[in-house]
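What follows is a single structure, written as structure tokens, with notes after it.
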Amino acid sequence: MDHDNDENLHRVQITARGGKAAIEIDGQRVDPGALSGYTVSHREGESPQVVLYSGDCVETVFEGLARLAVADMPDPGPAAAVFLGAIDAEELERTTLARPDLGTGPHSLTQAMLTQLGEWARGV
């Protein structure tokens, strides 16, 4: 199937500033409230592809002017399960108890463990 013919290619303009982006497809602005994100990919020998992630519970009409894929955000559960399955409980406990921000109030150990796991997940 030929995805790169002129009928399937359209002008896409993305202006990103900080955590916000304005997206136009052939000059038509896409409602930013209808999207939760986007990705742009490009492989050698192929046309660039833009994937728009639709927002939760938003009814949107995209008038077909781009090689465009609308996708749901992937379920983070499987990746989180793999990450948590690789955690050494002894190391987590030792590292958490050594944290300078470990408090003494209720749930402070749990909060410090969640903070530590978040830092490890981000590679910090």
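In the structure tokens, each chain is lettered A, B, ... as it comes, each chain's residues begin at 1, and ligands are numbered from 1 in order of appearance.
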**OP:** Write out as a VMD selection string each polymer residue whose atoms come within 9 Å of Leu97 in chain A, counting only C-alpha atoms; drop sequence neighbours fewer than 3 positions from it.
**Re:** chain A and resid 92 to 94 100 102 109 112 to 113
**OP:** Considering only C-alpha atoms, return as number ranges by chain whatever protein or nucleic-acid residues lie within 7 Å of Val12 in chain A, sequence-local ones (same chain, fewer than 5 positions apart) excluded.
**Re:** A: 24-26
**OP:** Counting only C-alpha atoms, figure out which residue out of A:Asp31, A:Glu90, A:Asp101, A:Glu119 gets nearest to Gly55 in chain A.
**Re:** A:Asp31
Original post:
So which residues of range 14-118 of chain A fall under alpha helix (DSSP H) by DSSP, listed as a ChimeraX atom specification?
Top reply: /A:77-85,89-97,108-118
**OP:** For Ala79 in chain A, please output as a ChimeraX atom specification all residues within 12 Å (counting only C-alpha atoms; exclusion window: fewer than 6 positions along the same chain).
**Re:** /A:85-86,121
Subject >> Sel. of strand (DSSP E or B) residues, range 3-40 of chain A, as a list of chain:residue names >> reply: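 Written out, the strand (DSSP E or B) residues of range 3-40 of chain A are A:Val12, A:Gln13, A:Ile14, A:Thr15, A:Ala16, A:Arg17, A:Lys20, A:Ala21, A:Ala22, A:Ile23, A:Glu24, A:Ile25, A:Gln28, A:Arg29, A:Leu35, A:Ser36, A:Gly37, A:Tyr38, A:Thr39, A:Val40.
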Got time to write the residues from that selection, C-alpha atoms, as an mmCIF file, in the first residue's frame?
data_model
loop_
_atom_site.group_PDB
_atom_site.id
_atom_site.type_symbol
_atom_site.label_atom_id
_atom_site.label_comp_id
_atom_site.auth_asym_id
_atom_site.auth_seq_id
_atom_site.Cartn_x
_atom_site.Cartn_y
_atom_site.Cartn_z
ATOM 1 C CA VAL A 12 1.452 20.078 9.310
ATOM 2 C CA GLN A 13 2.715 22.944 11.447
ATOM 3 C CA ILE A 14 3.446 22.511 15.145
ATOM 4 C CA THR A 15 4.451 25.494 17.243
ATOM 5 C CA ALA A 16 5.534 24.287 20.674
ATOM 6 C CA ARG A 17 6.285 26.624 23.525
ATOM 7 C CA LYS A 20 1.814 23.865 25.125
ATOM 8 C CA ALA A 21 1.620 23.381 21.373
ATOM 9 C CA ALA A 22 -0.484 24.817 18.559
ATOM 10 C CA ILE A 23 -1.098 22.359 15.720
ATOM 11 C CA GLU A 24 -2.351 23.220 12.252
ATOM 12 C CA ILE A 25 -3.121 20.777 9.478
ATOM 13 C CA GLN A 28 -6.729 24.441 9.957
ATOM 14 C CA ARG A 29 -5.962 24.812 13.680
ATOM 15 C CA LEU A 35 -5.548 16.536 22.331
ATOM 16 C CA SER A 36 -3.484 15.096 25.147
ATOM 17 C CA GLY A 37 -0.266 14.984 23.107
ATOM 18 C CA TYR A 38 1.425 14.245 19.810
ATOM 19 C CA THR A 39 4.475 12.543 18.360
ATOM 20 C CA VAL A 40 6.381 13.174 15.170
#
**OP:** Find the residues around Phe83 in chain A up to 10 Å (only C-alpha atoms counted), leave out those fewer than 4 positions away in its own chain, and share them as a count of residues only.
**Re:** 7
**OP:** In Å, rounded to a single decimal, give me how far CA of Leu114 in chain A is from CA of Gly19 in chain A.
**Re:**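 According to the coordinates, CA of Gly19 in chain A and CA of Leu114 in chain A are separated by 24.8 Å.
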Original post:
Which value, in Å to one decimal, gives the distance between CA of Arg11 in chain A and CA of Gln49 in chain A?
Top reply: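 These two atoms are separated by 11.1 Å.
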